[in-house]
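Here is the structure we will look at, set down as structure tokens.
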Amino acid sequence: MFVTINHDIYIDNSLENGRVDKWISETETWVTVMYVKSQCYGLFVDINNTLYCSLIHEHKVVKRWLDNDDINTLTTVVDTGKYGPSSNILNEPHGIFVDTNFDLYVADARNNRIQLFPLGDLNGKTVAGDGSTDITIKLYHPSGIILDGDKYLFIVDRDRHRIIGSDMNGFRCLVGCSCSPGSTSDHLHYPFILSFDIVGNIFVTDTFNNRIQKFILLTNSTNFTNVTNSSINYRLYQHLYLSKDINPNGKYVLITGCDTGFGHTLAIELDKQGFNVFAGIYNQENQISFQNKLSSRAIVFHLDITQASHIDAAYKLVKEKTNTLHALVNNAGIDQDCLIDWITLDFMRKMMEVNFFGHVSMTKTFLPLLITKQDSRVVNLCSAAGYMVAPTMSSYCASKFAFEAFSDCLRREMHAWKLHVSIIEPGYMRTPIVEGHVETMKKLWNELPVDTKDRWGEDYLNNIVNKRSNNLFIYLAENPMKVVRALQHAVTNTHPNIRYRPGWQSSLIFFPLSMLPAWFADFILYYGLGANVTPAGVYKQAKE
């Protein structure tokens, strides 16, 4: 069984009827939402309204997007057609959990482990149990799993009759730590699944005791206390408080740069969730086609954030609908750059107008609507280029560094108003913004004065063009949905993060590199990105 935030209930009805049913709380009616060939031992509905099912006897996990009317279309998430202990194979999967990045966690029961399958990856990583690098805990037939708001794992270790939790120090037993079955209030007998309520109390299905156990979060006690025959008190840490999504009803969100990429997809996703979306687009030719993708609640309008008249018109449009703006998503941006010696001041000013001053103007204009209530938010799409500088990116990096500083200052100044300010810092993603750089470089080169061309030489041009064309990080550009999910979390969650670094490039490569001594980072960026060519002018100096 799985219960959504709006109290709809999904139930595995496969044993006799081969299906998953949904009880719609608003209408108090039942509908069938998935047909399956074996039992779903785990059900989960993610923030994109996708239903997941772990098929125990087929040793696989399938999913179905519930907004698609085709009830018979299932997508396989994990399946090799067999069972076994390999990283890409399951053996009687039980409980499942999907986080806000759409990474899938599976209680791989017969393999005595918890497997993590990052979005789009068919090979799992063992995060607990047999094969894990964390040897502090051993699992025996894990059947249930949950992540809290801080991404700590909580596991039902079924055959050892206990509940295990994790924190910054690793795993430890929370309940049933004698590992022996029993019927007293501090024992379990083959527990199966667990869940939390909004304040962090744990509920466990205690199967062989024919009961539901409730473990209450206390903040002033570290002892077990018998409350009733079916519940005990146990102190858990603050990280058990789960962050929830807000109710979208009556909430208005303004997004800039919705023509393509992140803004386009985010507008669609938030519209599906029930938000009232204002979607600003730069190209008016896209207006009708994009409006047709959205509900009647959404408004698509022309917006150039570098034009004060456009921003004033946008403010009037929003003010006619509401006096309170839940979120402003500053997403619009451009990225065409080159060597400092090759670009003009007008080129740099245009970059700053779009990537910085336009967002500042939007924020200042809509701030009065954002602070009419607490817990509104400004979400700023920055970049890894806002903390890490690379050659040929001076204009873009300067605009993003400025935007980061503005965002931090805004957050600190508006603390008393409880205005959330979130910064998104992705690496390279598969969006149109990463295209066209080579053409820009060649165009700028053709417009350069003869003395500048002589100073650098065509060999140097060909070298940087080749580096750009064969950039490993662009070749391995990541799924843009990782950024959309970060944006979505910042807009919808009751506790949005200050910074998000979606994807492995930003979090595992660029950010650690930015923390190194400058001389070492310089060395890596100069020698680590392919062969270098000496500028013609430097070569000429050496000869002279």
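Ordering of the structure tokens sets the chain letters (A, B, ...), residue numbers begin anew at 1 in every chain, and ligands are numbered from 1 in the order given.
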Tell me, as a list in words, which residues lie within 7 Å of Ser383 (chain A), counting only C-alpha atoms; anything in the same chain fewer than 2 positions away does not count.
Leu381, Ala385, Gly386, Lys400, Ile424, Glu425, Pro426 and Gly427 of chain A
Point-to-point distance in Å for CA of Pro391 (chain A) and CA of Ala542 (chain A)
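Those two atoms sit 23.2 Å apart.
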Contacts of Pro142 (chain A) at 6 Å or less, counting only C-alpha atoms, minus same-chain residues fewer than 5 places along, as a PyMOL selection string?
chain A and resi 107+109+156-158
Would you mind exporting N, CA and C atoms of the selected residues as a PDB file, in the first residue's frame?
ATOM      1  N   ALA A 107      14.792  -2.617  -1.675  1.00  0.00           N
ATOM      2  CA  ALA A 107      15.113  -3.628  -0.666  1.00  0.00           C
ATOM      3  C   ALA A 107      15.210  -4.968  -1.393  1.00  0.00           C
ATOM      4  N   ALA A 109      15.606  -8.287  -1.204  1.00  0.00           N
ATOM      5  CA  ALA A 109      15.441  -9.126  -0.019  1.00  0.00           C
ATOM      6  C   ALA A 109      16.338 -10.358  -0.006  1.00  0.00           C
ATOM      7  N   VAL A 156      13.634  -1.924   7.284  1.00  0.00           N
ATOM      8  CA  VAL A 156      13.050  -3.047   8.020  1.00  0.00           C
ATOM      9  C   VAL A 156      13.910  -4.270   7.733  1.00  0.00           C
ATOM     10  N   ASP A 157      14.635  -4.741   8.749  1.00  0.00           N
ATOM     11  CA  ASP A 157      15.470  -5.945   8.626  1.00  0.00           C
ATOM     12  C   ASP A 157      14.621  -7.122   9.099  1.00  0.00           C
ATOM     13  N   ARG A 158      13.834  -7.668   8.176  1.00  0.00           N
ATOM     14  CA  ARG A 158      12.729  -8.542   8.536  1.00  0.00           C
ATOM     15  C   ARG A 158      13.132  -9.755   9.351  1.00  0.00           C
TER      16      ARG A 158
END
Can you tell me, as an mmCIF file with N, CA and C atoms, in the first residue's frame, what residues are no more than 6 Å from region 180-193 of chain A when counting only C-alpha atoms, ignoring any on the same chain fewer than 5 positions away?
data_model
loop_
_atom_site.group_PDB
_atom_site.id
_atom_site.type_symbol
_atom_site.label_atom_id
_atom_site.label_comp_id
_atom_site.auth_asym_id
_atom_site.auth_seq_id
_atom_site.Cartn_x
_atom_site.Cartn_y
_atom_site.Cartn_z
ATOM 1 N N SER A 143 12.967 -5.856 3.990
ATOM 2 C CA SER A 143 11.677 -5.831 3.292
ATOM 3 C C SER A 143 11.097 -4.432 3.113
ATOM 4 N N GLY A 144 11.542 -3.468 3.884
ATOM 5 C CA GLY A 144 11.002 -2.122 3.771
ATOM 6 C C GLY A 144 12.102 -1.086 3.832
ATOM 7 N N ARG A 158 13.834 -7.668 8.176
ATOM 8 C CA ARG A 158 12.729 -8.542 8.536
ATOM 9 C C ARG A 158 13.132 -9.755 9.351
ATOM 10 N N HIS A 161 14.098 -9.154 12.823
ATOM 11 C CA HIS A 161 13.024 -8.586 13.645
ATOM 12 C C HIS A 161 13.386 -7.209 14.212
ATOM 13 N N VAL A 204 5.115 0.571 12.046
ATOM 14 C CA VAL A 204 5.675 -0.670 11.521
ATOM 15 C C VAL A 204 4.594 -1.746 11.513
ATOM 16 N N THR A 205 4.490 -2.462 10.383
ATOM 17 C CA THR A 205 3.603 -3.622 10.356
ATOM 18 C C THR A 205 4.327 -4.791 11.017
ATOM 19 N N ASP A 206 3.844 -5.200 12.179
ATOM 20 C CA ASP A 206 4.459 -6.259 12.984
ATOM 21 C C ASP A 206 3.704 -7.558 12.677
ATOM 22 N N THR A 207 4.125 -8.257 11.614
ATOM 23 C CA THR A 207 3.285 -9.252 10.940
ATOM 24 C C THR A 207 2.834 -10.394 11.850
ATOM 25 N N PHE A 208 3.776 -11.104 12.446
ATOM 26 C CA PHE A 208 3.405 -12.295 13.203
ATOM 27 C C PHE A 208 2.769 -11.955 14.543
ATOM 28 N N ILE A 232 5.250 1.918 21.604
ATOM 29 C CA ILE A 232 6.277 2.297 22.556
ATOM 30 C C ILE A 232 6.846 3.630 22.157
#
Alpha helix (DSSP H) residues, from DSSP on the backbone, in region 315-502 of chain A, as an NGL selection string:
:A and (315-321 or 345-352 or 358-370 or 394-413 or 437-446 or 450-456 or 458-469 or 472-475 or 481-492)
Expected file: the selected residues, C-alpha atoms, as an mmCIF file, in the first residue's frame:
data_model
loop_
_atom_site.group_PDB
_atom_site.id
_atom_site.type_symbol
_atom_site.label_atom_id
_atom_site.label_comp_id
_atom_site.auth_asym_id
_atom_site.auth_seq_id
_atom_site.Cartn_x
_atom_site.Cartn_y
_atom_site.Cartn_z
ATOM 1 C CA TYR A 315 3.882 42.603 -13.009
ATOM 2 C CA LYS A 316 0.524 44.018 -14.098
ATOM 3 C CA LEU A 317 -0.491 40.613 -15.497
ATOM 4 C CA VAL A 318 0.364 38.820 -12.260
ATOM 5 C CA LYS A 319 -1.179 41.514 -10.048
ATOM 6 C CA GLU A 320 -4.498 41.129 -11.861
ATOM 7 C CA LYS A 321 -4.602 37.482 -10.762
ATOM 8 C CA LEU A 345 32.543 45.144 -24.077
ATOM 9 C CA ASP A 346 29.126 45.140 -25.760
ATOM 10 C CA PHE A 347 29.310 41.332 -25.882
ATOM 11 C CA MET A 348 30.029 41.203 -22.150
ATOM 12 C CA ARG A 349 27.343 43.771 -21.350
ATOM 13 C CA LYS A 350 24.732 41.711 -23.209
ATOM 14 C CA MET A 351 25.700 38.652 -21.177
ATOM 15 C CA MET A 352 25.396 40.614 -17.930
ATOM 16 C CA GLY A 358 17.513 41.067 -15.939
ATOM 17 C CA HIS A 359 17.117 38.757 -12.937
ATOM 18 C CA VAL A 360 17.871 41.570 -10.511
ATOM 19 C CA SER A 361 15.167 43.682 -12.148
ATOM 20 C CA MET A 362 12.647 40.817 -12.018
ATOM 21 C CA THR A 363 13.406 40.158 -8.360
ATOM 22 C CA LYS A 364 13.138 43.807 -7.313
ATOM 23 C CA THR A 365 9.872 44.245 -9.234
ATOM 24 C CA PHE A 366 8.136 41.170 -7.810
ATOM 25 C CA LEU A 367 9.552 41.340 -4.285
ATOM 26 C CA PRO A 368 6.453 43.117 -2.888
ATOM 27 C CA LEU A 369 4.266 40.200 -4.053
ATOM 28 C CA LEU A 370 6.693 37.634 -2.649
ATOM 29 C CA SER A 394 34.836 35.039 -18.772
ATOM 30 C CA SER A 395 31.509 36.724 -19.590
ATOM 31 C CA TYR A 396 29.368 33.771 -18.568
ATOM 32 C CA CYS A 397 31.299 33.127 -15.364
ATOM 33 C CA ALA A 398 31.265 36.809 -14.421
ATOM 34 C CA SER A 399 27.473 36.919 -14.827
ATOM 35 C CA LYS A 400 26.991 33.774 -12.760
ATOM 36 C CA PHE A 401 29.401 34.840 -10.006
ATOM 37 C CA ALA A 402 27.473 38.117 -9.769
ATOM 38 C CA PHE A 403 24.153 36.249 -9.658
ATOM 39 C CA GLU A 404 25.424 33.988 -6.869
ATOM 40 C CA ALA A 405 26.516 36.992 -4.800
ATOM 41 C CA PHE A 406 23.179 38.713 -5.381
ATOM 42 C CA SER A 407 21.310 35.541 -4.332
ATOM 43 C CA ASP A 408 23.292 35.140 -1.103
ATOM 44 C CA CYS A 409 22.809 38.786 -0.218
ATOM 45 C CA LEU A 410 19.069 38.617 -0.968
ATOM 46 C CA ARG A 411 18.659 35.567 1.263
ATOM 47 C CA ARG A 412 20.416 37.241 4.180
ATOM 48 C CA GLU A 413 18.623 40.542 3.794
ATOM 49 C CA HIS A 437 29.681 27.700 -29.065
ATOM 50 C CA VAL A 438 31.970 26.654 -31.908
ATOM 51 C CA GLU A 439 30.041 28.777 -34.390
ATOM 52 C CA THR A 440 30.252 31.744 -32.009
ATOM 53 C CA MET A 441 34.018 31.347 -31.664
ATOM 54 C CA LYS A 442 34.499 31.252 -35.435
ATOM 55 C CA LYS A 443 32.213 34.254 -35.955
ATOM 56 C CA LEU A 444 34.083 36.290 -33.341
ATOM 57 C CA TRP A 445 37.393 35.292 -34.903
ATOM 58 C CA ASN A 446 36.271 36.473 -38.326
ATOM 59 C CA VAL A 450 44.125 41.756 -38.115
ATOM 60 C CA ASP A 451 46.588 42.514 -35.296
ATOM 61 C CA THR A 452 44.549 40.433 -32.825
ATOM 62 C CA LYS A 453 44.439 37.509 -35.270
ATOM 63 C CA ASP A 454 48.190 37.781 -35.745
ATOM 64 C CA ARG A 455 48.668 37.820 -31.979
ATOM 65 C CA TRP A 456 46.942 34.471 -31.522
ATOM 66 C CA GLU A 458 44.789 30.306 -36.592
ATOM 67 C CA ASP A 459 46.441 27.293 -34.983
ATOM 68 C CA TYR A 460 45.305 28.606 -31.620
ATOM 69 C CA LEU A 461 41.741 29.091 -32.929
ATOM 70 C CA ASN A 462 41.670 25.548 -34.278
ATOM 71 C CA ASN A 463 42.966 24.236 -30.961
ATOM 72 C CA ILE A 464 40.270 25.825 -28.790
ATOM 73 C CA VAL A 465 37.584 24.888 -31.332
ATOM 74 C CA ASN A 466 38.805 21.295 -31.197
ATOM 75 C CA LYS A 467 38.809 21.342 -27.390
ATOM 76 C CA ARG A 468 35.253 22.637 -27.350
ATOM 77 C CA SER A 469 34.070 20.109 -29.939
ATOM 78 C CA LEU A 472 34.348 15.362 -22.370
ATOM 79 C CA PHE A 473 31.892 17.044 -20.035
ATOM 80 C CA ILE A 474 29.723 18.222 -22.925
ATOM 81 C CA TYR A 475 29.914 14.733 -24.431
ATOM 82 C CA MET A 481 15.518 16.376 -15.591
ATOM 83 C CA LYS A 482 18.024 16.392 -12.717
ATOM 84 C CA VAL A 483 17.930 20.184 -12.810
ATOM 85 C CA VAL A 484 14.156 20.276 -13.275
ATOM 86 C CA ARG A 485 13.733 18.125 -10.163
ATOM 87 C CA ALA A 486 15.993 20.431 -8.165
ATOM 88 C CA LEU A 487 13.976 23.436 -9.346
ATOM 89 C CA GLN A 488 10.768 21.596 -8.562
ATOM 90 C CA HIS A 489 11.933 20.761 -5.050
ATOM 91 C CA ALA A 490 12.944 24.368 -4.422
ATOM 92 C CA VAL A 491 9.484 25.544 -5.489
ATOM 93 C CA THR A 492 7.318 22.889 -3.862
#
Neighbour list for Asp130 (chain A) as number ranges by chain, cut-off 10 Å, only C-alpha atoms, skip fewer than 4 positions in-chain
A: 85, 111-114, 126, 134-135, 137-140
Nearest to Ile423 (chain A) by atom-to-atom distance, counting only C-alpha atoms, from A:Leu513, A:Ile340, A:Ile498, A:Ala477:
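Selected residue with least distance to Ile423 (chain A): A:Ile498.
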